[in-house]
$ cat upload_23.txt   # compact mmCIF, C-alpha atoms
# COMPACT_ATOMS: atom_id res chain seq x y z
CA MET A 1 233.59 156.82 119.55
CA SER A 2 229.95 157.35 120.48
CA LEU A 3 227.23 154.85 119.71
CA SER A 4 225.58 157.26 117.22
CA ILE A 5 228.85 157.83 115.35
CA ARG A 6 229.45 154.08 115.20
CA ALA A 7 225.93 153.53 113.84
CA THR A 8 226.41 156.23 111.21
CA ALA A 9 229.75 154.77 110.18
CA SER A 10 228.23 151.32 109.99
CA ARG A 11 225.42 152.56 107.78
CA ALA A 12 227.94 154.32 105.53
CA VAL A 13 230.00 151.16 105.16
CA GLY A 14 226.80 149.27 104.38
CA VAL A 15 225.85 151.74 101.65
CA LEU A 16 229.32 151.56 100.11
CA LEU A 17 229.29 147.77 100.25
CA ALA A 18 225.88 147.63 98.60
CA ALA A 19 227.04 150.01 95.88
CA PHE A 20 230.16 147.90 95.32
CA VAL A 21 228.12 144.71 95.06
CA ALA A 22 225.68 146.33 92.64
CA THR A 23 228.51 147.67 90.48
CA THR A 24 230.26 144.31 90.50
CA ALA A 25 227.06 142.52 89.58
CA THR A 26 226.42 144.91 86.69
CA SER A 27 229.97 144.49 85.51
CA SER A 28 229.66 140.73 85.73
CA VAL A 29 226.47 140.75 83.66
CA SER A 30 228.20 142.87 81.01
CA GLU A 31 231.26 140.64 81.00
CA ALA A 32 229.04 137.57 80.84
CA ALA A 33 227.48 138.69 77.53
CA THR A 34 228.20 136.21 74.75
CA ARG A 35 231.02 137.69 72.67
CA LEU A 36 230.99 136.66 69.01
CA LYS A 37 234.16 136.57 66.94
CA ILE A 38 233.33 137.63 63.36
CA SER A 39 235.87 137.12 60.58
CA GLY A 40 235.89 139.11 57.34
CA GLN A 41 238.02 138.69 54.23
CA HIS A 42 237.70 142.21 52.84
CA ALA A 43 239.96 145.19 53.50
CA THR A 44 239.29 147.39 56.50
CA ASP A 45 238.00 150.24 54.30
CA HIS A 46 235.83 147.99 52.09
CA SER A 47 232.04 148.37 52.18
CA ALA A 48 231.75 144.70 53.21
CA THR A 49 233.73 145.44 56.38
CA ALA A 50 231.52 148.45 57.09
CA MET A 51 228.57 146.09 56.76
CA LEU A 52 230.06 143.70 59.33
CA ASN A 53 230.73 146.55 61.73
CA GLN A 54 227.12 147.63 61.42
CA ILE A 55 225.98 144.06 62.04
CA ALA A 56 228.08 143.97 65.21
CA GLU A 57 226.44 147.18 66.41
CA ASP A 58 222.97 145.85 65.58
CA LEU A 59 223.59 142.63 67.51
CA GLU A 60 224.63 144.55 70.60
CA ALA A 61 221.69 146.95 70.22
CA ALA A 62 219.30 143.97 70.22
CA GLU A 63 219.90 143.75 73.99
CA VAL A 64 219.82 139.97 74.15
CA GLY A 65 223.23 139.60 75.78
CA LEU A 66 225.39 139.61 72.65
CA SER A 67 228.54 141.52 71.81
CA ALA A 68 230.69 141.13 68.73
CA LYS A 69 234.15 141.94 67.43
CA VAL A 70 234.97 142.08 63.73
CA PHE A 71 238.34 140.86 62.43
CA PRO A 72 238.61 142.11 58.81
CA ALA A 73 241.23 141.63 56.09
CA ASN A 74 241.81 137.92 56.79
CA GLN A 75 243.24 138.70 60.23
CA LEU A 76 242.15 135.24 61.40
CA GLY A 77 243.48 133.47 58.29
CA ASP A 78 242.42 133.07 54.69
CA TYR A 79 238.91 131.91 53.86
CA THR A 80 239.80 128.22 53.59
CA LEU A 81 241.35 128.18 57.07
CA VAL A 82 238.62 130.32 58.60
CA TYR A 83 235.93 128.03 57.21
CA GLU A 84 237.59 125.07 58.91
CA ASP A 85 237.75 127.11 62.12
CA ILE A 86 234.02 127.73 61.76
CA VAL A 87 233.53 123.96 61.59
CA ARG A 88 235.62 123.49 64.74
CA GLY A 89 233.95 126.35 66.58
CA ASN A 90 237.17 128.37 66.89
CA VAL A 91 235.56 131.22 64.95
CA ASP A 92 231.90 132.02 65.55
CA ILE A 93 230.80 133.79 62.36
CA ALA A 94 232.47 134.65 59.07
CA HIS A 95 231.77 136.51 55.87
CA LEU A 96 233.75 134.67 53.24
CA THR A 97 233.95 132.90 49.92
CA VAL A 98 232.67 129.42 50.70
CA PRO A 99 235.49 126.98 49.90
CA SER A 100 234.90 123.50 48.52
CA GLN A 101 237.75 121.53 50.06
CA LEU A 102 235.41 119.88 52.56
CA ASP A 103 232.60 119.24 50.07
CA PRO A 104 233.16 119.72 46.30
CA ASN A 105 229.41 120.09 45.80
CA LEU A 106 229.62 123.54 47.39
CA GLU A 107 230.83 124.68 43.96
CA ALA A 108 227.17 124.44 42.92
CA ASN A 109 227.00 128.11 43.86
CA TYR A 110 228.93 128.71 40.63
CA PHE A 111 226.64 126.88 38.26
CA PRO A 112 226.42 128.75 34.93
CA PHE A 113 223.29 130.87 34.93
CA LEU A 114 222.16 129.57 38.31
CA VAL A 115 220.45 132.95 38.25
CA SER A 116 220.50 135.31 35.28
CA ASN A 117 218.93 138.49 36.63
CA TYR A 118 218.20 140.17 39.95
CA ASP A 119 214.62 138.96 40.16
CA GLU A 120 215.86 135.36 39.96
CA MET A 121 218.58 136.18 42.45
CA ARG A 122 216.13 137.50 45.02
CA LYS A 123 214.19 134.24 44.76
CA VAL A 124 217.00 131.68 44.54
CA TYR A 125 219.33 133.31 47.09
CA SER A 126 216.65 133.53 49.75
CA PRO A 127 215.47 130.97 52.33
CA GLY A 128 212.62 128.95 50.85
CA SER A 129 214.19 128.24 47.47
CA CYS A 130 215.26 124.70 46.68
CA PHE A 131 218.83 125.79 45.99
CA TYR A 132 219.11 127.71 49.25
CA GLY A 133 217.87 124.66 51.13
CA ALA A 134 220.32 122.34 49.36
CA TYR A 135 223.24 124.76 49.82
CA SER A 136 222.34 125.13 53.49
CA LYS A 137 222.21 121.36 54.00
CA MET A 138 225.62 120.84 52.41
CA GLN A 139 227.07 123.16 55.01
CA ALA A 140 224.93 121.91 57.88
CA ASP A 141 226.39 118.45 57.27
CA LEU A 142 229.80 120.01 57.97
CA GLY A 143 228.65 121.74 61.14
CA VAL A 144 228.19 125.13 59.51
CA ARG A 145 225.00 127.22 59.56
CA LEU A 146 224.30 129.36 56.50
CA LEU A 147 223.06 132.79 57.59
CA GLY A 148 222.81 134.35 54.15
CA ILE A 149 224.21 134.44 50.61
CA VAL A 150 225.86 137.78 49.83
CA PRO A 151 226.09 138.75 46.15
CA GLU A 152 228.77 141.20 45.11
CA GLY A 153 227.80 141.48 41.45
CA PHE A 154 227.19 139.52 38.28
CA ILE A 155 230.15 138.13 36.37
CA GLY A 156 230.68 138.84 32.68
CA VAL A 157 233.42 138.49 30.08
CA GLY A 158 236.12 141.11 29.58
CA LEU A 159 237.80 141.08 26.16
CA THR A 160 240.95 142.65 24.76
CA LYS A 161 239.74 142.10 21.18
CA PRO A 162 236.37 141.55 19.49
CA ALA A 163 234.78 138.12 19.63
CA GLU A 164 232.38 136.52 17.17
CA LYS A 165 228.76 135.38 17.56
CA LEU A 166 228.58 136.65 21.12
CA PHE A 167 224.96 135.68 21.70
CA GLU A 168 224.85 132.33 19.92
CA VAL A 169 225.09 129.44 22.39
CA GLY A 170 227.90 127.06 21.52
CA ALA A 171 229.07 129.05 18.50
CA ASP A 172 232.86 129.49 18.48
CA LYS A 173 233.69 132.98 19.66
CA ASN A 174 237.15 132.74 18.10
CA VAL A 175 238.88 133.99 21.25
CA LEU A 176 240.78 132.32 24.08
CA ILE A 177 239.72 133.41 27.55
CA ARG A 178 241.01 132.74 31.04
CA VAL A 179 238.62 130.51 32.99
CA PRO A 180 238.89 129.80 36.74
CA PRO A 181 239.99 126.21 37.53
CA ILE A 182 236.46 125.15 38.55
CA ASP A 183 234.39 122.58 36.65
CA THR A 184 231.29 124.73 36.61
CA PHE A 185 233.18 127.62 35.01
CA ASN A 186 234.79 125.37 32.42
CA SER A 187 231.47 123.79 31.47
CA GLY A 188 229.73 127.13 31.28
CA ALA A 189 232.41 128.84 29.18
CA SER A 190 232.50 125.89 26.79
CA ALA A 191 228.71 125.88 26.42
CA MET A 192 228.81 129.61 25.73
CA GLY A 193 231.30 128.97 22.91
CA PHE A 194 234.51 130.28 24.42
CA ARG A 195 237.84 128.49 24.26
CA GLY A 196 239.12 128.35 27.80
CA THR A 197 242.54 128.26 29.40
CA THR A 198 243.48 128.09 33.07
CA ILE A 199 245.62 130.98 34.26
CA ALA A 200 246.25 131.94 37.89
CA TYR A 201 244.50 135.18 38.75
CA ALA A 202 247.84 136.70 39.83
CA ASP A 203 249.12 136.13 36.28
CA LEU A 204 245.98 137.32 34.51
CA TYR A 205 246.94 140.94 33.85
CA PRO A 206 250.26 140.15 32.11
CA ALA A 207 248.54 137.30 30.23
CA LEU A 208 246.00 139.74 28.81
CA GLN A 209 248.71 142.30 28.19
CA THR A 210 250.90 139.91 26.19
CA GLY A 211 248.08 138.18 24.33
CA VAL A 212 248.39 134.81 26.08
CA ALA A 213 244.62 135.19 26.56
CA ASP A 214 242.16 137.41 24.71
CA GLY A 215 239.88 137.91 27.68
CA TRP A 216 238.62 136.45 30.91
CA ILE A 217 235.52 135.31 32.74
CA GLY A 218 235.38 135.62 36.49
CA GLY A 219 235.03 139.32 37.20
CA THR A 220 232.19 141.75 37.85
CA ALA A 221 231.84 145.07 36.06
CA ALA A 222 233.41 146.74 39.10
CA LEU A 223 236.43 144.41 39.11
CA ASN A 224 236.96 144.90 35.38
CA TYR A 225 236.82 148.65 35.95
CA PHE A 226 239.20 148.79 38.89
CA GLY A 227 241.68 146.16 37.75
CA PHE A 228 241.59 145.96 33.97
CA ARG A 229 240.04 149.06 32.39
CA ASP A 230 243.35 150.06 30.82
CA ILE A 231 243.61 146.77 28.93
CA VAL A 232 240.07 145.44 28.44
CA LYS A 233 238.45 146.86 25.30
CA GLU A 234 235.01 145.23 25.53
CA PHE A 235 232.80 143.85 28.27
CA VAL A 236 229.88 141.47 27.82
CA PRO A 237 227.55 141.50 30.86
CA TYR A 238 226.38 137.92 30.41
CA ARG A 239 225.43 137.59 34.10
CA ALA A 240 226.56 133.99 33.73
CA TYR A 241 227.77 133.70 37.32
CA VAL A 242 227.50 135.65 40.54
CA GLU A 243 230.43 136.79 42.64
CA ALA A 244 228.82 135.55 45.82
CA THR A 245 230.18 135.26 49.33
CA ALA A 246 228.23 134.08 52.38
CA PHE A 247 227.55 134.66 56.04
CA VAL A 248 228.27 131.42 57.89
CA MET A 249 228.21 130.47 61.57
CA SER A 250 229.60 127.62 63.61
CA GLU A 251 226.80 125.29 64.60
CA LYS A 252 228.61 124.80 67.90
CA THR A 253 228.27 128.51 68.65
CA TRP A 254 224.66 128.56 67.47
CA GLN A 255 223.70 125.80 69.87
CA ASP A 256 225.22 127.74 72.77
CA LEU A 257 222.94 130.74 72.15
CA THR A 258 219.59 131.34 73.77
CA PRO A 259 216.49 131.34 71.51
CA GLU A 260 216.38 135.13 71.74
CA GLN A 261 220.03 135.39 70.71
CA GLN A 262 219.49 132.96 67.83
CA GLU A 263 216.58 135.06 66.58
CA ALA A 264 218.67 138.24 66.77
CA VAL A 265 221.55 136.65 64.84
CA ALA A 266 219.32 135.08 62.18
CA THR A 267 217.31 138.25 61.62
CA THR A 268 220.28 140.62 61.54
CA PHE A 269 222.24 138.60 59.01
CA ALA A 270 219.19 137.84 56.84
CA GLU A 271 218.44 141.56 56.60
CA ALA A 272 222.07 142.31 55.72
CA ALA A 273 222.05 139.65 52.97
CA ALA A 274 218.82 141.06 51.48
CA ALA A 275 220.29 144.56 51.53
CA ALA A 276 223.41 143.25 49.78
CA ILE A 277 221.32 142.19 46.78
CA GLU A 278 220.01 145.74 46.36
CA ARG A 279 223.50 147.17 46.80
CA SER A 280 224.91 144.70 44.26
CA GLU A 281 222.31 145.64 41.65
CA ALA A 282 223.05 149.35 42.07
CA GLU A 283 226.80 148.74 41.88
CA ASP A 284 226.49 146.69 38.69
CA GLU A 285 224.60 149.52 37.01
CA GLU A 286 227.12 152.06 38.27
CA TYR A 287 230.19 150.25 36.99
CA LEU A 288 228.72 149.23 33.65
CA ALA A 289 228.24 152.96 33.09
CA LYS A 290 231.77 153.70 34.29
CA LEU A 291 233.21 151.12 31.90
CA GLU A 292 231.50 152.91 29.04
CA GLU A 293 232.77 156.26 30.32
CA ALA A 294 236.28 154.78 30.28
CA GLY A 295 235.88 154.04 26.56
CA ILE A 296 235.15 150.32 26.90
CA LYS A 297 232.43 148.89 24.67
CA VAL A 298 229.70 147.34 26.82
CA HIS A 299 227.53 145.01 24.75
CA PRO A 300 223.80 145.24 25.49
CA PHE A 301 222.46 141.95 26.83
CA GLU A 302 218.83 142.15 27.83
CA GLY A 303 215.35 140.86 27.12
CA GLU A 304 214.64 137.86 24.92
CA VAL A 305 218.24 137.63 23.72
CA ALA A 306 219.50 137.28 27.30
CA GLN A 307 216.75 134.84 28.31
CA LYS A 308 217.32 132.61 25.29
CA PHE A 309 221.10 132.60 25.76
CA ALA A 310 220.88 131.81 29.49
CA GLN A 311 218.49 128.92 28.96
CA GLY A 312 220.53 127.61 26.05
CA VAL A 313 223.67 127.46 28.20
CA ARG A 314 221.76 125.72 31.01
CA ASP A 315 220.44 123.15 28.55
CA VAL A 316 223.99 122.27 27.49
CA ALA A 317 226.08 122.78 30.63
CA TRP A 318 223.81 121.49 33.39
CA PRO A 319 223.40 117.95 32.00
CA ALA A 320 227.17 117.83 31.53
CA LEU A 321 227.59 118.58 35.25
CA GLU A 322 224.95 116.08 36.37
CA GLU A 323 227.36 113.16 36.73
CA ARG A 324 229.39 115.07 39.27
CA PHE A 325 226.64 116.88 41.19
CA GLY A 326 223.79 114.39 40.81
CA SER A 327 220.40 114.59 39.16
CA GLU A 328 218.65 115.52 42.41
CA LEU A 329 220.56 118.80 42.75
CA ILE A 330 220.09 119.61 39.07
CA SER A 331 216.33 119.04 39.35
CA CYS A 332 216.27 121.14 42.52
CA MET A 333 217.90 124.13 40.78
CA GLN A 334 215.69 123.76 37.73
CA SER A 335 212.58 123.87 39.94
CA ASP A 336 213.58 127.31 41.24
CA LEU A 337 213.49 128.76 37.73
CA LYS A 338 209.98 127.57 36.82
$ encode --input "upload_23.txt" --output "structure tokens"
Amino acid sequence: MSLSIRATASRAVGVLLAAFVATTATSSVSEAATRLKISGQHATDHSATAMLNQIAEDLEAAEVGLSAKVFPANQLGDYTLVYEDIVRGNVDIAHLTVPSQLDPNLEANYFPFLVSNYDEMRKVYSPGSCFYGAYSKMQADLGVRLLGIVPEGFIGVGLTKPAEKLFEVGADKNVLIRVPPIDTFNSGASAMGFRGTTIAYADLYPALQTGVADGWIGGTAALNYFGFRDIVKEFVPYRAYVEATAFVMSEKTWQDLTPEQQEAVATTFAEAAAAAIERSEAEDEEYLAKLEEAGIKVHPFEGEVAQKFAQGVRDVAWPALEERFGSELISCMQSDLK
């Protein structure tokens, strides 16, 4: 082989080697991107899962070295187990119902009339409110970072028969309704004037069907429409509670991120939570209308009547819950409504 051929071959090998090194380096950078494991509790075709998929795309598009994979439909376990995995750092981020097994005070999210309309919700469910700060700290003490509260609609009362004195606080409604086994729900329903009974959600439909209960509190307009419109005859949109989930992140994962990655995560999830409030308001309006279209009587509950009723229930129920939750938290939540 001539010297010139050898030189040409050598240069060719050098070019190929350089290209290989460059390709390997690029691949290594891609593979080195921080990959976030995001758990969701909703079905794969649910709008909440679509929201998580969009969040994953937005995080990658931020170009700060993040990638994400969404595991919907409780693929990583139910919300109680996933929350504990968030604490341990086994799961990075989750969209879930915040459980209270690690801190019973987390049930404060279900205080009766914590918020009573969407203007209050925008204030109280956003960073800067006293409640948001307190709710964040409860979780921070467990090693969990709150990235946003995600409302899915206001909760009202579905009835299979007419009730009495619907808008008089404390007045006996003369009906027995199913109440979730949570102190805040029991106190709220009692203050509203409903007789409550605890029935497992799985047994609710036959209980309403057979008259074991005359109604239930715990469902949004949409849930009453999809699950109970053939048996519920009336719906009262009290807006007494919010069906609210949350975006949460393992503090261990958070601390492993760069400042730029932290900013991308915080901003992306905060924007998604804010958008969820608007989506929730639109959905409530849509399904209240659909309930009426289905022949269900939807009682109007607005203006001074709604304001007076909400404050009346707070005045009765919140002091009753003070022994359990403490006066500091009660004062904190009251300050948000001034």
$ residues_around --input "upload_23.txt" --residues "segment 44-54 of chain A" --least-positions-apart "2" --cutoff "6 Å" --atoms "all atoms listed in the file" --output "list in words"
Ala56, Glu57 and Pro72 of chain A
$ closest_residue --input "upload_23.txt" --among "A:Arg279, A:Arg178, A:Arg88, A:Arg145" --to "Gln262 of chain A" --atoms "only C-alpha atoms"
A:Arg145
$ closest_atom_pairs --input "upload_23.txt" --of "segment 160-235 of chain A" --to "segment 312-335 of chain A" --cutoff "7 Å" --atoms "all atoms listed in the file" --output "Markdown table"
| residue | atom | partner | partner_atom | distance |
| --- | --- | --- | --- | --- |
| A:Val169 | CA | A:Gly312 | CA | 6.1 |
| A:Ser187 | CA | A:Ala317 | CA | 5.5 |
| A:Gly188 | CA | A:Ala317 | CA | 5.7 |
| A:Ala191 | CA | A:Val313 | CA | 5.6 |
| A:Met192 | CA | A:Val313 | CA | 6.1 |
$ atom_distance --input "upload_23.txt" --atom1 "atom CA of Phe185 of chain A" --atom2 "atom CA of Thr80 of chain A"
19.7 Å
$ closest_residue --input "upload_23.txt" --among "A:Glu263, A:Glu271, A:Glu84, A:Asp256" --to "Val64 of chain A" --atoms "only C-alpha atoms"
A:Glu263
